[in-house]
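For reference, data.cif (mmCIF, C-alpha atoms):
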data_work
#
loop_
_atom_site.group_PDB
_atom_site.id
_atom_site.type_symbol
_atom_site.label_atom_id
_atom_site.label_comp_id
_atom_site.auth_asym_id
_atom_site.auth_seq_id
_atom_site.Cartn_x
_atom_site.Cartn_y
_atom_site.Cartn_z
ATOM 1 C CA GLU A 980 0.709 12.756 -4.094
ATOM 2 C CA ILE A 981 -0.495 13.871 -7.528
ATOM 3 C CA VAL A 982 2.894 12.954 -8.989
ATOM 4 C CA LEU A 983 2.896 9.592 -7.189
ATOM 5 C CA GLY A 984 -0.702 8.599 -7.932
ATOM 6 C CA ILE A 985 -1.815 10.215 -11.187
ATOM 7 C CA GLY A 986 1.742 10.613 -12.489
ATOM 8 C CA GLY A 987 2.595 7.036 -11.542
ATOM 9 C CA VAL A 988 -0.182 5.588 -13.695
ATOM 10 C CA ARG A 989 0.684 7.900 -16.576
ATOM 11 C CA MET A 990 4.356 6.970 -16.313
ATOM 12 C CA LEU A 991 3.533 3.259 -16.440
ATOM 13 C CA ARG A 992 1.398 3.889 -19.528
ATOM 14 C CA ALA A 993 4.221 5.863 -21.166
ATOM 15 C CA LEU A 994 6.616 2.987 -20.452
ATOM 16 C CA GLY A 995 4.256 0.583 -22.191
ATOM 17 C CA HIS A 996 2.970 -1.202 -19.092
ATOM 18 C CA ILE A 997 -0.636 -1.658 -20.160
ATOM 19 C CA GLY A 998 -1.469 -5.159 -18.917
ATOM 20 C CA ILE A 999 -1.263 -4.370 -15.208
ATOM 21 C CA THR A 1000 -3.705 -6.487 -13.226
ATOM 22 C CA CYS A 1001 -3.267 -4.840 -9.813
ATOM 23 C CA TYR A 1002 -2.172 -1.470 -8.481
ATOM 24 C CA HIS A 1003 -1.093 -1.739 -4.862
ATOM 25 C CA MET A 1004 -1.481 1.437 -2.833
ATOM 26 C CA ASN A 1005 0.856 1.210 0.131
ATOM 27 C CA GLU A 1006 -0.751 3.850 2.377
ATOM 28 C CA GLY A 1007 -3.071 6.530 1.047
ATOM 29 C CA HIS A 1008 -0.334 8.625 -0.550
ATOM 30 C CA ALA A 1009 -0.868 6.988 -3.964
ATOM 31 C CA ALA A 1010 -4.687 6.900 -3.769
ATOM 32 C CA LEU A 1011 -5.114 9.463 -6.549
ATOM 33 C CA LEU A 1012 -4.089 6.678 -8.930
ATOM 34 C CA SER A 1013 -7.619 5.330 -8.507
ATOM 35 C CA LEU A 1014 -9.004 8.629 -9.846
ATOM 36 C CA GLN A 1015 -6.680 8.414 -12.848
ATOM 37 C CA LEU A 1016 -7.893 4.859 -13.523
ATOM 38 C CA LEU A 1017 -11.497 5.998 -13.110
ATOM 39 C CA LYS A 1018 -10.994 8.835 -15.585
ATOM 40 C CA GLU A 1019 -9.281 6.512 -18.094
ATOM 41 C CA ARG A 1020 -12.120 3.998 -17.815
ATOM 42 C CA ALA A 1021 -14.743 6.703 -18.340
ATOM 43 C CA VAL A 1022 -12.936 7.987 -21.439
ATOM 44 C CA GLN A 1023 -12.544 4.425 -22.822
ATOM 45 C CA THR A 1024 -16.232 3.644 -22.377
ATOM 46 C CA GLY A 1025 -17.547 7.080 -23.333
ATOM 47 C CA VAL A 1026 -19.165 7.585 -19.929
ATOM 48 C CA PRO A 1027 -19.639 11.286 -19.110
ATOM 49 C CA LEU A 1028 -17.867 12.053 -15.834
ATOM 50 C CA GLN A 1029 -20.726 14.311 -14.734
ATOM 51 C CA ASP A 1030 -23.145 11.326 -14.819
ATOM 52 C CA PHE A 1031 -22.443 9.794 -11.416
ATOM 53 C CA GLU A 1032 -24.770 6.818 -11.882
ATOM 54 C CA ALA A 1033 -23.148 5.894 -15.205
ATOM 55 C CA VAL A 1034 -19.652 6.234 -13.702
ATOM 56 C CA LYS A 1035 -20.740 4.088 -10.766
ATOM 57 C CA THR A 1036 -22.260 1.447 -13.052
ATOM 58 C CA HIS A 1037 -19.618 1.276 -15.773
ATOM 59 C CA CYS A 1038 -16.353 2.365 -14.161
ATOM 60 C CA MET A 1039 -16.072 1.999 -10.379
ATOM 61 C CA ASP A 1040 -16.201 -1.798 -10.173
ATOM 62 C CA ILE A 1041 -13.534 -2.102 -12.885
ATOM 63 C CA VAL A 1042 -11.261 0.275 -10.960
ATOM 64 C CA ARG A 1043 -11.938 -1.573 -7.686
ATOM 65 C CA ARG A 1044 -10.870 -4.854 -9.263
ATOM 66 C CA LEU A 1045 -7.559 -3.227 -10.244
ATOM 67 C CA CYS A 1046 -6.729 -1.751 -6.825
ATOM 68 C CA ALA A 1047 -5.523 -3.145 -3.506
ATOM 69 C CA PHE A 1048 -4.755 -1.031 -0.453
ATOM 70 C CA THR A 1049 -2.533 -1.460 2.603
ATOM 71 C CA THR A 1050 -2.900 0.922 5.512
ATOM 72 C CA HIS A 1051 -0.151 1.207 8.140
ATOM 73 C CA THR A 1052 -1.353 4.173 10.184
ATOM 74 C CA PRO A 1053 -3.043 3.473 13.544
ATOM 75 C CA VAL A 1054 -4.094 7.059 14.350
ATOM 76 C CA ALA A 1055 -6.641 9.294 12.638
ATOM 77 C CA ALA A 1056 -4.199 12.206 12.376
ATOM 78 C CA GLY A 1057 -1.894 10.126 10.192
ATOM 79 C CA HIS A 1058 -4.427 9.744 7.376
ATOM 80 C CA ASP A 1059 -3.911 12.547 4.846
ATOM 81 C CA LYS A 1060 -6.826 14.922 4.333
ATOM 82 C CA PHE A 1061 -6.879 17.936 2.045
ATOM 83 C CA PRO A 1062 -9.399 20.801 1.940
ATOM 84 C CA TYR A 1063 -11.355 20.868 -1.307
ATOM 85 C CA ASP A 1064 -10.316 24.416 -2.151
ATOM 86 C CA MET A 1065 -6.701 23.180 -2.217
ATOM 87 C CA VAL A 1066 -7.734 20.104 -4.230
ATOM 88 C CA GLU A 1067 -9.471 22.281 -6.822
ATOM 89 C CA GLN A 1068 -6.459 24.611 -6.933
ATOM 90 C CA VAL A 1069 -3.977 21.828 -7.698
ATOM 91 C CA LEU A 1070 -6.169 19.323 -9.565
ATOM 92 C CA GLY A 1071 -8.283 21.808 -11.457
ATOM 93 C CA ASP A 1072 -11.200 20.148 -13.218
ATOM 94 C CA PHE A 1073 -9.518 16.719 -13.329
ATOM 95 C CA LEU A 1074 -12.790 15.119 -12.187
ATOM 96 C CA PRO A 1075 -16.075 16.654 -11.016
ATOM 97 C CA SER A 1076 -15.768 17.565 -7.344
ATOM 98 C CA SER A 1077 -19.105 15.881 -6.595
ATOM 99 C CA LEU A 1078 -17.656 12.575 -7.827
ATOM 100 C CA ILE A 1079 -14.485 12.962 -5.764
ATOM 101 C CA LYS A 1080 -16.502 13.917 -2.669
ATOM 102 C CA HIS A 1081 -18.643 10.810 -3.039
ATOM 103 C CA MET A 1082 -15.544 8.584 -2.856
ATOM 104 C CA ALA A 1083 -13.201 10.621 -0.644
ATOM 105 C CA GLY A 1084 -15.493 12.364 1.848
ATOM 106 C CA GLU A 1085 -17.696 15.438 1.878
ATOM 107 C CA GLU A 1086 -15.647 17.507 4.341
ATOM 108 C CA ALA A 1087 -12.178 17.060 2.825
ATOM 109 C CA LEU A 1088 -10.423 14.732 0.411
ATOM 110 C CA ASN A 1089 -9.494 11.838 2.694
ATOM 111 C CA MET A 1090 -6.845 9.789 0.887
ATOM 112 C CA THR A 1091 -7.506 6.681 2.984
ATOM 113 C CA LEU A 1092 -11.243 6.872 2.365
ATOM 114 C CA LEU A 1093 -10.594 7.238 -1.369
ATOM 115 C CA ALA A 1094 -8.382 4.135 -1.344
ATOM 116 C CA LEU A 1095 -10.929 2.194 0.733
ATOM 117 C CA ASN A 1096 -13.771 3.039 -1.640
ATOM 118 C CA LEU A 1097 -11.864 2.140 -4.792
ATOM 119 C CA SER A 1098 -10.072 -1.062 -3.749
ATOM 120 C CA HIS A 1099 -11.251 -4.658 -3.923
ATOM 121 C CA TYR A 1100 -8.859 -5.746 -1.174
ATOM 122 C CA VAL A 1101 -7.785 -3.838 1.928
ATOM 123 C CA ASN A 1102 -5.370 -4.950 4.601
ATOM 124 C CA SER A 1103 -3.807 -3.673 7.764
ATOM 125 C CA VAL A 1104 -0.350 -4.718 8.942
ATOM 126 C CA ALA A 1105 -1.089 -6.712 12.101
ATOM 127 C CA ARG A 1106 -4.038 -8.368 13.823
ATOM 128 C CA LYS A 1107 -4.262 -5.574 16.407
ATOM 129 C CA HIS A 1108 -3.969 -2.963 13.657
ATOM 130 C CA GLN A 1109 -6.931 -4.630 11.935
ATOM 131 C CA ASP A 1110 -9.045 -3.854 15.032
ATOM 132 C CA VAL A 1111 -7.754 -0.271 15.174
ATOM 133 C CA SER A 1112 -8.473 0.238 11.454
ATOM 134 C CA GLN A 1113 -12.021 -1.128 11.840
ATOM 135 C CA HIS A 1114 -12.539 1.379 14.627
ATOM 136 C CA LEU A 1115 -11.131 4.281 12.585
ATOM 137 C CA PHE A 1116 -13.138 3.340 9.469
ATOM 138 C CA PRO A 1117 -16.284 1.485 10.559
ATOM 139 C CA GLY A 1118 -18.186 -0.179 7.762
ATOM 140 C CA TYR A 1119 -15.080 -1.252 5.844
ATOM 141 C CA HIS A 1120 -13.553 -4.717 5.941
ATOM 142 C CA PHE A 1121 -9.849 -4.992 6.721
ATOM 143 C CA SER A 1122 -7.852 -8.171 6.333
ATOM 144 C CA PHE A 1123 -4.464 -8.261 8.003
ATOM 145 C CA ILE A 1124 -1.027 -9.339 6.927
ATOM 146 C CA THR A 1125 1.687 -9.124 9.549
ATOM 147 C CA ASN A 1126 4.201 -6.589 8.336
ATOM 148 C CA GLY A 1127 7.717 -7.836 7.723
ATOM 149 C CA VAL A 1128 10.314 -8.808 5.156
ATOM 150 C CA HIS A 1129 11.222 -12.058 3.402
ATOM 151 C CA SER A 1130 14.222 -12.974 5.531
ATOM 152 C CA ALA A 1131 15.863 -15.343 3.045
ATOM 153 C CA THR A 1132 15.931 -12.568 0.435
ATOM 154 C CA TRP A 1133 16.987 -9.653 2.615
ATOM 155 C CA THR A 1134 19.581 -11.212 4.926
ATOM 156 C CA CYS A 1135 23.144 -10.397 3.829
ATOM 157 C CA PRO A 1136 25.346 -13.386 2.884
ATOM 158 C CA GLU A 1137 27.594 -13.059 5.947
ATOM 159 C CA VAL A 1138 24.697 -13.245 8.390
ATOM 160 C CA ALA A 1139 22.884 -15.860 6.271
ATOM 161 C CA GLU A 1140 25.940 -18.114 6.599
ATOM 162 C CA LEU A 1141 25.820 -17.636 10.366
ATOM 163 C CA TYR A 1142 22.104 -18.464 10.437
ATOM 164 C CA ASP A 1143 22.720 -21.566 8.325
ATOM 165 C CA LYS A 1144 25.262 -22.715 10.932
ATOM 166 C CA HIS A 1145 23.137 -22.018 14.023
ATOM 167 C CA LEU A 1146 19.518 -22.018 12.765
ATOM 168 C CA PRO A 1147 19.109 -24.709 10.119
ATOM 169 C CA GLY A 1148 15.772 -24.329 8.366
ATOM 170 C CA TRP A 1149 15.495 -20.558 8.885
ATOM 171 C CA ARG A 1150 15.286 -19.958 5.102
ATOM 172 C CA HIS A 1151 12.012 -21.906 4.926
ATOM 173 C CA ASP A 1152 10.625 -21.067 8.363
ATOM 174 C CA SER A 1153 11.444 -17.542 9.483
ATOM 175 C CA PHE A 1154 9.978 -18.333 12.900
ATOM 176 C CA GLU A 1155 13.319 -20.086 13.538
ATOM 177 C CA LEU A 1156 14.885 -16.631 13.739
ATOM 178 C CA ARG A 1157 13.485 -16.323 17.264
ATOM 179 C CA HIS A 1158 16.494 -18.440 18.293
ATOM 180 C CA ALA A 1159 19.001 -15.914 16.879
ATOM 181 C CA ILE A 1160 19.317 -14.594 20.427
ATOM 182 C CA ASN A 1161 21.405 -17.721 21.146
ATOM 183 C CA ILE A 1162 24.026 -17.051 18.458
ATOM 184 C CA PRO A 1163 27.339 -16.233 20.172
ATOM 185 C CA LYS A 1164 27.740 -12.472 20.153
ATOM 186 C CA HIS A 1165 31.349 -12.574 18.911
ATOM 187 C CA GLU A 1166 30.267 -14.586 15.826
ATOM 188 C CA LEU A 1167 27.453 -12.152 15.112
ATOM 189 C CA TRP A 1168 29.867 -9.226 15.485
ATOM 190 C CA GLN A 1169 32.347 -10.853 13.071
ATOM 191 C CA ALA A 1170 29.583 -11.349 10.489
ATOM 192 C CA HIS A 1171 28.516 -7.718 10.957
ATOM 193 C CA ILE A 1172 32.085 -6.443 10.449
ATOM 194 C CA ALA A 1173 32.536 -8.623 7.351
ATOM 195 C CA ALA A 1174 29.260 -7.359 5.838
ATOM 196 C CA LYS A 1175 30.186 -3.768 6.626
ATOM 197 C CA ALA A 1176 33.628 -4.163 5.054
ATOM 198 C CA ARG A 1177 32.092 -5.642 1.896
ATOM 199 C CA MET A 1178 29.597 -2.784 1.711
ATOM 200 C CA ILE A 1179 32.324 -0.152 2.122
#

Would you mind giving the structure from this file in structure tokens?
Amino acid sequence: EIVLGIGGVRMLRALGHIGITCYHMNEGHAALLSLQLLKERAVQTGVPLQDFEAVKTHCMDIVRRLCAFTTHTPVAAGHDKFPYDMVEQVLGDFLPSSLIKHMAGEEALNMTLLALNLSHYVNSVARKHQDVSQHLFPGYHFSFITNGVHSATWTCPEVAELYDKHLPGWRHDSFELRHAINIPKHELWQAHIAAKARMI
């Protein structure tokens, strides 16, 4: 998670990607990127990291505006937490532990809590999951976006041709795909075999 979060931001910097307007954390695994952004902002503005009030005033809102967070996990046990002795062992003095504890929890570094505290936008992946997330993390606002894929982009050409034949309009209204159950099974199987042969 250090490589993904902190390393991810550093890699983007090394590649010359400096005008990024949003970092999307898909689950808490990348949440340490917010700490990297916070540290960068403090260094840029000359704010001492030990001065919590100055960090809060001059850095946190900037980092929040750069971060968005999607949570997928509907059970407490699925949200990564790390004991602070382990955090100090692997992160060293990356940031003052008091600062990290303020954003990620006093008991252990809770990756979801860190992402929640340093994101301007937070969403769950279904309406019901929004309710579950509110229950797991009371006091935080969760929007919801129903999880899924863009069908017109991800459907293979063989099956897309079949959909065009039986479900006109599916490319613009994926709700039409509910009628795919009516496509003759032998035609669907032929499209599957053709796609598989092309892949092989």

I'd like to see the residues matched by the PyMOL selection byres ((chain A and resi 1133-1142) around 8) on this file, and ideally I'd get them as a ChimeraX atom specification. /A:1128-1132,1143-1147,1149,1159,1166-1167,1170-1171,1173-1174

Decode the PyMOL selection byres ((chain A and resi 1093-1110) around 8) for the given file into explicit residues and return them as number ranges by chain. A: 1004, 1007, 1010-1011, 1013, 1039-1040, 1042-1051, 1053, 1082-1084, 1088-1092, 1111-1114, 1119-1126

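For the pair CA of Leu991 in chain A and CA of His1058 in chain A, the separation is 25.9 Å.
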
Determine, counting only C-alpha atoms, which protein, DNA and RNA residues have an atom within 12 Å of an atom of Glu1019 in chain A; residues of the same chain fewer than 5 positions away are not included. Present the result as a ChimeraX atom specification. /A:985,988-989,992,1012-1014,1024-1028,1034,1037-1039,1041-1042,1073-1074

Quick one: pull the distance between CA of His1158 in chain A and CA of Ile1179 in chain A, Å, one decimal. 29.1 Å

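When CA of Ser1077 in chain A is paired with CA of Asp1030 in chain A, their separation reads 10.2 Å.
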
With distances taken over only C-alpha atoms, the candidate from A:Val1022, A:Val1069, A:Cys1001, A:Leu1115 nearest Val1054 in chain A is A:Leu1115

Give the centre and edge lengths of an axis-aligned box, in Å to one decimal, that holds all listed atoms of range 1050-1064 of chain A with 8 Å on each side, as lines of an AutoDock Vina configuration file.
center_x = -5.8
center_y = 12.7
center_z = 6.1
size_x = 27.2
size_y = 39.5
size_z = 32.5
